[in-house]
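Asker: Can you keep this structure in mind? I'll have questions shortly.
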2 protein chains.
Amino acid sequence: MTGTRDHGGGIDAAVARFGGARADWIDLSTGINPVPYPLPAIGPEAWTALPDHAAQATLEEAARAFWAVPEDAAILAAPGASSLIARIPALAAPGTVHIPAPTYNEHAAAFAAHGWTEGEEAPDARVLVHPNNPTGRWYSSDDLGAPLTVIDESFADVAPDRSLVNFANGPGTVVLKSFGKFWGLAGLRLGFAIGPQNLIARLADMLGPWPVSGPALAIGAAALSDRDWAADTRIRLNEDAARLDARMIRAGASVVGGTALFRLYEVDDAAAWQDRLARHHIWSRIFPYSGTWLRLGLPAPDAWARVEAAL
Amino acid sequence: MTGTRDHGGGIDAAVARFGGARADWIDLSTGINPVPYPLPAIGPEAWTALPDHAAQATLEEAARAFWAVPEDAAILAAPGASSLIARIPALAAPGTVHIPAPTYNEHAAAFAAHGWTEGEEAPDARVLVHPNNPTGRWYSSDDLGAPLTVIDESFADVAPDRSLVNFANGPGTVVLKSFGKFWGLAGLRLGFAIGPQNLIARLADMLGPWPVSGPALAIGAAALSDRDWAADTRIRLNEDAARLDARMIRAGASVVGGTALFRLYEVDDAAAWQDRLARHHIWSRIFPYSGTWLRLGLPAPDAWARVEAAL
């Protein structure tokens with residue numbers, strides 16, 4: 001019963017069309033780090049007990065320290081940034097929203113579902129995907145200031161110095177963080193909203209009590225306290241992104257942008273590229289609004305040889 | 001950032017007040033089966049990948065079969081029944097809602113937060129907690145029929161023949177199921193809404209894509225396909241409930257009701273009973289609206305000796 005909007009993933013459909021065993025496919029259609037944070041031991045009570053306030057508070061404190069959240073901003077852990085994106089338009093009465101396009105399409109869908117209309121001039125709300133997906137564009141504090149301003153930093157952990165989280169205490173401002181992408185654990189469903197107390201309290205009410213699973217609380221708290229892993233991961237992601245760019249340029253593509261978690265290329269015929277890679281059982285991302293953009297996530301260490309051979 | 005409504009759990013506060021190591025406390029303040037479904041092996045992709053449609057569909061099919069969901073009703077997996085309870089009042093314009101009291105208090109809080117007012121006469125919505133928590137009352141089809149009817153079957157798996165799920169295809173009807181309680185995995189955050197296609201599609205939109213974690217999809221699908229475990233568990237829960245009743249009656253309590261997952265007793269002074277058990281590091285549930293009701297969950301097999309000694 002999930003929606004049918006265009007997303008990455010969908011590898012099941014690709015397998016059905018191009019054959020092969022699902023386990024043998026290389027999925028480059030997302031921006032998820034292919035070297036996940038190593039799972040720590042999870043105690044039985046994380047599975048069996050209702051997550052208690054202490055576990056939730058421990059995670060939120062680790063997140064607050066990791067992201068240098070302003071003291072007077074509140075933070076809320078949620079079952080994925082997507083659960084927050086779906087609810088944020090309910091924080092204000094419907095009006096006009098400016099969502100610079102192209103970008104991740106769940107924001108526009110969620111605002112539309114709540115009766116908002118698009119409008120660029122003095123909008124009642126603005127959504128900045130920072131860095132933008134798929135272009136990699138970074139915004140600045142000059143872009144803030146709408147009565148409701150959403151800064152989606154789902155991919156910002158590759159370059160924390162670019163974060164706008166220090167504006168999260170501004171009125172009407174909500175900064176979103178994703179755990180699944182940088183830490184490579186998208187199945188865990190963990191994301192965060194950071195903003196002024198009144199808005200975050202309303203989001204908390206909308207999610208209900210115990211929004212985050214016990215394993216997600218435990219794993220998230222461990223990962224967000226591990227700065228060495230994060231620093232090493234940033235270096236590796238940047239090296240791998242450069243390696244993929246070099247290969248793609250040699251294959252005739254040019255770099256449009258992206259982040260260290262996914263790369264956006266200009267090619268002659270994106271659908272033909274996607275089909276060609278799919279015949280090698282490599283799944284990529286193309287966009288309904290562009291015939292020439294191809295987005296690739298980074299291969300896992302053991303997948304590089306096949307990707308390079310296919311290119 | 002979760003609410004402050006009265007709930008079971010809260011054992012952290014009890015430990016702080018009465019001492020002892022948290023791990024040595026016996027928590028009887030909830031209605032969670034203390035013998036959880038044994039965790040199956042979880043593949044790495046359940047943690048790393050965005051849950052795909054196939055995994056979600058596999059879980060929902062297992063749930064459909066387990067609960068004998070009417071063919072023309074839809075089913076939606078969610079991160080806990082609580083995430084659905086928080087959103088259900090948004091399915092209709094605010095009006096009057098009848099929630100027979102006393103009962104689980106999240107329903108009334110969620111409806112109030114959405115601008116509904118209480119009203120028993122020809123209400124616009126009715127919530128039936130079936131069986132009721134804490135009294136154990138079961139409802140019948142005669143109690144249905146409000147334009148929006150919520151049947152919360154969070155504790156109904158102890159007696160599936162009493163389920164009203166066969167009415168889930170009725171207009172305006174939503175049946176809720178909880179995975180955490182009967183299967184003893186409350187930390188997993190998994191619940192279900194069952195109802196007509198239009199209502200369930202709207203709930204799905206409110207939750208956003210990928211609402212349920214990969215581990216929850218995998219574990220839920222395995223557990224809901226295991227009818228032997230469910231049958232054995234029902235027998236054990238009923239035996240343990242009878243054993244607890246016998247002990248409590250001997251200790252001077254009388255049985256008010258409950259289900260095979262929790263028992264509700266009448267005692268002379270509930271707060272004094274709670275304190276007495278807490279000095280033995282056993283946590284129980286009392287209610288702000290009653291001075292004489294004490295609710296106890298079932299002890300785990302290795303906890304019976306201490307509970308019986310404390311009584």
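Each chain in the structure tokens gets a letter, A, B, ..., in the order shown, and its residues are numbered from 1; ligands are numbered from 1 in order too.
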Quick one: residues within 9 Å of Arg263 in chain B, only C-alpha atoms counted, chain neighbours fewer than 3 positions away excluded, as an mmCIF file with N, CA and C atoms, in the first residue's frame?

Answerer:
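Below is the file out-v3.cif, written as the result:
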data_model
loop_
_atom_site.group_PDB
_atom_site.id
_atom_site.type_symbol
_atom_site.label_atom_id
_atom_site.label_comp_id
_atom_site.auth_asym_id
_atom_site.auth_seq_id
_atom_site.Cartn_x
_atom_site.Cartn_y
_atom_site.Cartn_z
ATOM 1 N N GLY B 31 1.419 -5.406 28.826
ATOM 2 C CA GLY B 31 0.713 -6.617 28.409
ATOM 3 C C GLY B 31 1.466 -7.339 27.309
ATOM 4 N N PRO B 134 -8.004 -1.816 30.320
ATOM 5 C CA PRO B 134 -7.577 -3.018 31.028
ATOM 6 C C PRO B 134 -8.679 -4.021 31.374
ATOM 7 N N THR B 135 -9.940 -3.773 31.029
ATOM 8 C CA THR B 135 -11.005 -4.611 31.608
ATOM 9 C C THR B 135 -11.138 -5.967 30.947
ATOM 10 N N GLY B 136 -10.713 -6.089 29.678
ATOM 11 C CA GLY B 136 -10.868 -7.351 28.968
ATOM 12 C C GLY B 136 -12.216 -7.517 28.291
ATOM 13 N N ALA B 241 -2.011 -17.220 32.833
ATOM 14 C CA ALA B 241 -2.995 -16.272 33.369
ATOM 15 C C ALA B 241 -3.770 -16.909 34.521
ATOM 16 N N LEU B 244 -1.527 -17.028 37.593
ATOM 17 C CA LEU B 244 -1.395 -15.729 38.253
ATOM 18 C C LEU B 244 -2.672 -15.378 39.020
ATOM 19 N N ASP B 245 -3.830 -15.656 38.408
ATOM 20 C CA ASP B 245 -5.094 -15.399 39.102
ATOM 21 C C ASP B 245 -5.152 -16.155 40.426
ATOM 22 N N VAL B 255 -10.471 -11.019 40.830
ATOM 23 C CA VAL B 255 -10.250 -10.810 39.401
ATOM 24 C C VAL B 255 -11.349 -9.919 38.833
ATOM 25 N N VAL B 256 -10.961 -8.806 38.239
ATOM 26 C CA VAL B 256 -11.919 -7.933 37.550
ATOM 27 C C VAL B 256 -12.075 -8.373 36.105
ATOM 28 N N GLY B 257 -10.971 -8.715 35.480
ATOM 29 C CA GLY B 257 -11.010 -9.111 34.072
ATOM 30 C C GLY B 257 -9.618 -9.131 33.509
ATOM 31 N N GLY B 258 -9.537 -8.722 32.239
ATOM 32 C CA GLY B 258 -8.253 -8.742 31.560
ATOM 33 C C GLY B 258 -8.279 -9.690 30.382
ATOM 34 N N THR B 259 -7.111 -9.994 29.877
ATOM 35 C CA THR B 259 -6.975 -10.948 28.776
ATOM 36 C C THR B 259 -5.888 -11.926 29.197
ATOM 37 N N ALA B 260 -5.575 -12.864 28.317
ATOM 38 C CA ALA B 260 -4.509 -13.811 28.641
ATOM 39 C C ALA B 260 -3.132 -13.160 28.585
ATOM 40 N N LEU B 294 -5.374 -3.021 39.984
ATOM 41 C CA LEU B 294 -3.959 -3.344 39.766
ATOM 42 C C LEU B 294 -3.884 -4.256 38.548
ATOM 43 N N ARG B 295 -3.082 -3.863 37.570
ATOM 44 C CA ARG B 295 -2.938 -4.701 36.368
ATOM 45 C C ARG B 295 -1.562 -5.348 36.366
ATOM 46 N N LEU B 296 -1.541 -6.630 36.083
ATOM 47 C CA LEU B 296 -0.271 -7.353 36.011
ATOM 48 C C LEU B 296 -0.150 -8.070 34.675
ATOM 49 N N GLY B 297 0.989 -7.908 34.034
ATOM 50 C CA GLY B 297 1.329 -8.755 32.905
ATOM 51 C C GLY B 297 1.792 -10.107 33.415
ATOM 52 N N LEU B 298 2.077 -11.012 32.505
ATOM 53 C CA LEU B 298 2.484 -12.359 32.911
ATOM 54 C C LEU B 298 3.991 -12.400 33.135
#

Asker: Distance limit 7 Å, atoms considered: only C-alpha atoms. Which chain B residues sit that close to chain A? Return them as a CSV table (one decimal) with all heavy atoms, in the first residue's frame.

Answerer:
chain,number,residue,atom,x,y,z
B,1,MET,N,11.2,13.5,23.2
B,1,MET,CA,10.1,14.4,22.7
B,1,MET,C,8.8,13.6,22.6
B,1,MET,O,8.0,13.9,21.8
B,1,MET,CB,10.5,14.9,21.3
B,1,MET,CG,11.6,16.0,21.4
B,1,MET,SD,11.2,17.4,22.4
B,1,MET,CE,9.6,17.9,21.7
B,2,THR,N,8.7,12.4,23.3
B,2,THR,CA,7.4,11.8,23.3
B,2,THR,C,6.5,12.4,24.3
B,2,THR,O,6.9,13.1,25.2
B,2,THR,CB,7.6,10.3,23.5
B,2,THR,OG1,8.3,10.1,24.7
B,2,THR,CG2,8.3,9.6,22.4
B,3,GLY,N,5.2,12.1,24.2
B,3,GLY,CA,4.2,12.7,25.1
B,3,GLY,C,4.4,12.2,26.5
B,3,GLY,O,5.2,11.4,26.9
B,10,GLY,N,7.8,2.7,31.9
B,10,GLY,CA,8.3,3.7,32.9
B,10,GLY,C,9.1,3.0,34.0
B,10,GLY,O,9.2,3.5,35.1
B,36,PRO,N,9.0,-14.2,23.9
B,36,PRO,CA,8.9,-13.6,22.5
B,36,PRO,C,9.0,-14.7,21.4
B,36,PRO,O,9.7,-15.7,21.6
B,36,PRO,CB,10.0,-12.6,22.4
B,36,PRO,CG,11.0,-13.1,23.4
B,36,PRO,CD,10.3,-13.7,24.5
B,46,ALA,N,18.3,-6.8,4.9
B,46,ALA,CA,17.1,-6.2,5.7
B,46,ALA,C,17.5,-5.0,6.4
B,46,ALA,O,16.7,-4.1,6.6
B,46,ALA,CB,16.6,-7.3,6.6
B,47,TRP,N,18.8,-4.9,6.8
B,47,TRP,CA,19.3,-3.7,7.4
B,47,TRP,C,19.8,-2.6,6.5
B,47,TRP,O,19.6,-1.4,6.7
B,47,TRP,CB,20.5,-4.1,8.3
B,47,TRP,CG,20.3,-5.1,9.4
B,47,TRP,CD1,20.5,-6.4,9.3
B,47,TRP,CD2,19.7,-4.8,10.7
B,47,TRP,NE1,20.1,-7.0,10.5
B,47,TRP,CE2,19.7,-6.1,11.3
B,47,TRP,CE3,19.3,-3.7,11.3
B,47,TRP,CZ2,19.2,-6.2,12.6
B,47,TRP,CZ3,18.8,-3.8,12.6
B,47,TRP,CH2,18.7,-5.1,13.3
B,48,THR,N,20.4,-3.0,5.4
B,48,THR,CA,21.1,-2.0,4.5
B,48,THR,C,20.2,-1.4,3.4
B,48,THR,O,20.4,-0.3,3.1
B,48,THR,CB,22.3,-2.7,3.8
B,48,THR,OG1,21.9,-3.8,3.1
B,48,THR,CG2,23.3,-3.2,4.9
B,49,ALA,N,19.3,-2.2,2.9
B,49,ALA,CA,18.5,-1.7,1.7
B,49,ALA,C,17.2,-1.1,2.2
B,49,ALA,O,16.6,-1.4,3.2
B,49,ALA,CB,18.2,-2.9,0.8
B,50,LEU,N,16.8,-0.1,1.4
B,50,LEU,CA,15.4,0.4,1.6
B,50,LEU,C,14.4,-0.8,1.4
B,50,LEU,O,14.5,-1.5,0.4
B,50,LEU,CB,15.1,1.4,0.5
B,50,LEU,CG,15.4,2.9,0.8
B,50,LEU,CD1,15.0,3.8,-0.3
B,50,LEU,CD2,14.7,3.3,2.1
B,51,PRO,N,13.5,-1.0,2.3
B,51,PRO,CA,12.6,-2.1,2.2
B,51,PRO,C,11.9,-2.0,0.8
B,51,PRO,O,11.3,-1.0,0.5
B,51,PRO,CB,11.6,-1.9,3.4
B,51,PRO,CG,12.4,-1.1,4.4
B,51,PRO,CD,13.3,-0.2,3.5
B,52,ASP,N,11.9,-3.1,0.1
B,52,ASP,CA,11.2,-3.0,-1.3
B,52,ASP,C,9.8,-3.5,-1.2
B,52,ASP,O,9.3,-4.0,-0.2
B,52,ASP,CB,12.1,-3.7,-2.3
B,52,ASP,CG,12.2,-5.2,-2.1
B,52,ASP,OD1,11.3,-5.7,-1.4
B,52,ASP,OD2,13.1,-5.8,-2.6
B,76,LEU,N,-2.4,-2.6,5.8
B,76,LEU,CA,-1.2,-1.7,5.8
B,76,LEU,C,-0.3,-2.0,7.0
B,76,LEU,O,-0.8,-2.0,8.1
B,76,LEU,CB,-1.6,-0.3,5.8
B,76,LEU,CG,-0.5,0.8,6.0
B,76,LEU,CD1,0.4,0.9,4.8
B,76,LEU,CD2,-1.2,2.1,6.4
B,79,PRO,N,4.8,1.3,11.5
B,79,PRO,CA,5.8,1.1,12.6
B,79,PRO,C,5.1,1.2,13.9
B,79,PRO,O,5.3,2.2,14.7
B,79,PRO,CB,6.7,2.3,12.3
B,79,PRO,CG,5.9,3.3,11.6
B,79,PRO,CD,4.9,2.6,10.8
B,82,SER,N,0.6,2.3,17.4
B,82,SER,CA,0.6,3.6,17.9
B,82,SER,C,0.7,4.7,16.8
B,82,SER,O,0.2,5.8,16.8
B,82,SER,CB,1.6,3.9,18.9
B,82,SER,OG,2.9,3.6,18.4
B,83,SER,N,1.5,4.3,15.7
B,83,SER,CA,1.6,5.3,14.6
B,83,SER,C,0.3,5.5,13.9
B,83,SER,O,0.1,6.5,13.3
B,83,SER,CB,2.8,4.9,13.7
B,83,SER,OG,2.4,3.7,12.9
B,86,ALA,N,-2.3,7.5,16.1
B,86,ALA,CA,-2.0,8.9,16.1
B,86,ALA,C,-2.6,9.6,14.8
B,86,ALA,O,-2.9,10.8,14.8
B,86,ALA,CB,-0.5,9.2,16.1
B,87,ARG,N,-2.8,8.8,13.7
B,87,ARG,CA,-3.2,9.4,12.5
B,87,ARG,C,-4.7,9.2,12.1
B,87,ARG,O,-5.3,9.9,11.3
B,87,ARG,CB,-2.4,8.8,11.3
B,87,ARG,CG,-0.9,9.0,11.4
B,87,ARG,CD,-0.4,10.4,11.7
B,87,ARG,NE,-1.1,11.4,10.9
B,87,ARG,CZ,-1.5,12.6,11.2
B,87,ARG,NH1,-1.4,13.0,12.5
B,87,ARG,NH2,-2.1,13.4,10.4
B,184,GLY,N,5.5,-10.7,21.5
B,184,GLY,CA,6.5,-10.3,22.5
B,184,GLY,C,7.6,-9.5,22.0
B,184,GLY,O,8.7,-9.6,22.5
B,185,LEU,N,7.4,-8.8,20.8
B,185,LEU,CA,8.5,-8.1,20.2
B,185,LEU,C,8.1,-6.6,20.1
B,185,LEU,O,8.1,-6.1,18.9
B,185,LEU,CB,8.9,-8.7,18.9
B,185,LEU,CG,9.5,-10.1,19.0
B,185,LEU,CD1,9.7,-10.8,17.6
B,185,LEU,CD2,10.9,-10.0,19.7
B,186,ALA,N,7.8,-6.0,21.2
B,186,ALA,CA,7.3,-4.6,21.1
B,186,ALA,C,8.4,-3.6,20.6
B,186,ALA,O,8.0,-2.6,20.1
B,186,ALA,CB,6.9,-4.2,22.5
B,187,GLY,N,9.7,-3.9,20.8
B,187,GLY,CA,10.7,-3.0,20.3
B,187,GLY,C,10.8,-3.0,18.8
B,187,GLY,O,11.4,-2.1,18.3
B,188,LEU,N,10.2,-4.0,18.1
B,188,LEU,CA,10.3,-4.0,16.7
B,188,LEU,C,9.5,-2.9,16.0
B,188,LEU,O,9.8,-2.5,14.9
B,188,LEU,CB,9.8,-5.4,16.3
B,188,LEU,CG,10.0,-6.0,14.9
B,188,LEU,CD1,11.5,-6.1,14.6
B,188,LEU,CD2,9.4,-7.3,14.8
B,189,ARG,N,8.5,-2.5,16.7
B,189,ARG,CA,7.5,-1.5,16.1
B,189,ARG,C,6.9,-2.0,14.8
B,189,ARG,O,7.4,-1.7,13.7
B,189,ARG,CB,8.2,-0.1,15.9
B,189,ARG,CG,9.0,0.5,17.0
B,189,ARG,CD,8.3,0.4,18.4
B,189,ARG,NE,7.1,1.2,18.4
B,189,ARG,CZ,6.0,0.7,19.0
B,189,ARG,NH1,5.9,-0.5,19.5
B,189,ARG,NH2,4.9,1.5,19.0
B,201,ALA,N,-5.6,3.5,2.0
B,201,ALA,CA,-4.7,4.2,1.1
B,201,ALA,C,-4.3,5.6,1.7
B,201,ALA,O,-3.2,6.1,1.6
B,201,ALA,CB,-5.3,4.4,-0.2
B,204,ALA,N,-1.8,5.1,4.4
B,204,ALA,CA,-0.5,4.8,3.8
B,204,ALA,C,0.2,6.1,3.4
B,204,ALA,O,1.4,6.3,3.6
B,204,ALA,CB,-0.7,3.9,2.6
B,205,ASP,N,-0.6,7.0,2.8
B,205,ASP,CA,0.0,8.3,2.4
B,205,ASP,C,0.5,9.1,3.6
B,205,ASP,O,1.5,9.8,3.5
B,205,ASP,CB,-1.1,9.1,1.7
B,205,ASP,CG,-1.1,8.8,0.2
B,205,ASP,OD1,-0.2,8.1,-0.3
B,205,ASP,OD2,-2.1,9.3,-0.5
B,206,MET,N,-0.2,9.0,4.7
B,206,MET,CA,0.2,9.8,5.9
B,206,MET,C,1.5,9.2,6.5
B,206,MET,O,2.3,9.9,7.1
B,206,MET,CB,-0.9,9.7,6.9
B,206,MET,CG,-2.2,10.4,6.6
B,206,MET,SD,-3.2,10.5,8.0
B,206,MET,CE,-4.9,10.4,7.3
B,207,LEU,N,1.7,7.9,6.3
B,207,LEU,CA,2.9,7.3,6.9
B,207,LEU,C,4.1,7.6,6.0
B,207,LEU,O,5.3,7.5,6.5
B,207,LEU,CB,2.7,5.8,7.1
B,207,LEU,CG,1.7,5.4,8.1
B,207,LEU,CD1,1.7,3.9,8.2
B,207,LEU,CD2,2.0,6.0,9.5
B,208,GLY,N,3.9,7.8,4.7
B,208,GLY,CA,5.0,8.0,3.8
B,208,GLY,C,5.5,6.6,3.3
B,208,GLY,O,5.1,5.6,3.8
B,209,PRO,N,6.4,6.6,2.3
B,209,PRO,CA,6.9,5.3,1.8
B,209,PRO,C,7.9,4.7,2.8
B,209,PRO,O,8.4,5.3,3.7
B,209,PRO,CB,7.7,5.8,0.6
B,209,PRO,CG,8.1,7.2,0.8
B,209,PRO,CD,7.0,7.8,1.7
B,211,PRO,N,7.4,2.6,5.5
B,211,PRO,CA,7.2,2.9,6.9
B,211,PRO,C,7.8,1.9,7.9
B,211,PRO,O,8.0,2.2,9.0
B,211,PRO,CB,5.6,2.9,7.0
B,211,PRO,CG,5.2,2.1,5.8
B,211,PRO,CD,6.2,2.3,4.7
B,213,SER,N,10.5,-1.1,9.1
B,213,SER,CA,12.0,-1.5,8.9
B,213,SER,C,12.1,-2.8,8.3
B,213,SER,O,11.2,-3.7,8.3
B,213,SER,CB,12.6,-1.5,10.3
B,213,SER,OG,12.2,-2.6,11.0
B,214,GLY,N,13.3,-3.0,7.6
B,214,GLY,CA,13.6,-4.3,7.0
B,214,GLY,C,13.5,-5.5,8.0
B,214,GLY,O,12.9,-6.5,7.7

Asker: Do a neighbour search on Phe18 in chain B at 8 Å with only C-alpha atoms, toss out local chain neighbours closer than 3 positions, and write the hits as a PyMOL selection string.

Answerer: chain B and resi 14-15+278-279+281

Asker: Just checking: using only C-alpha atoms, which residue out of A:Leu277, A:Ala16, A:Val158, A:Ala303 ends up closest to Ile235 in chain A?

Answerer: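 So, comparing all the options, the nearest one is A:Val158.
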
Asker: Please extract the residues of range 34-233 of chain B with a backbone DSSP assignment of alpha helix (DSSP H) and present them as a ChimeraX atom specification.

Answerer: /B:44-48,53-66,81-85,106-113,197-207,214-224,227-233

Asker: Could you find all residues in range 61-290 of chain A that DSSP calls strand (DSSP E) from the backbone, and write them as JSON, numbers by chain?

Answerer: {"A": [74, 75, 76, 77, 78, 96, 97, 98, 117, 118, 125, 126, 127, 128, 129, 148, 149, 150, 151, 152, 173, 174, 175, 176, 177, 178, 191, 192, 193, 194, 195, 254, 255, 256, 257, 258, 259, 262, 263, 264, 265, 266, 282, 283, 285, 286, 287, 290]}

Asker: When distances are computed from only C-alpha atoms, which of B:Phe182, B:Ala168, B:Phe155, B:Glu61 shows the smallest separation from Pro196 in chain B?

Answerer: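 Closest to Pro196 in chain B of all the choices is B:Ala168.
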
Asker: What's the separation between CA of Asn132 in chain B and CA of Pro100 in chain B, in Å to one decimal place?

Answerer: 9.2 Å

Asker: For CA of Ala156 in chain B and CA of His107 in chain B, quote the distance in Å rounded to one decimal.

Answerer: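 Distance reported for this atom pair: 17.0 Å.
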
Asker: Within 12 Å of Leu144 in chain B, counting only C-alpha atoms, which residues qualify if same-chain residues fewer than 6 places away don't, as a PyMOL selection string?

Answerer: chain B and resi 98+122-130+150-151+164-165+167-168+170-175

Asker: State, in Å with one decimal place, the distance from CA of Ser163 in chain B to CA of Phe111 in chain B.

Answerer: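 Interatomic distance, CA of Ser163 in chain B to CA of Phe111 in chain B: 23.8 Å.
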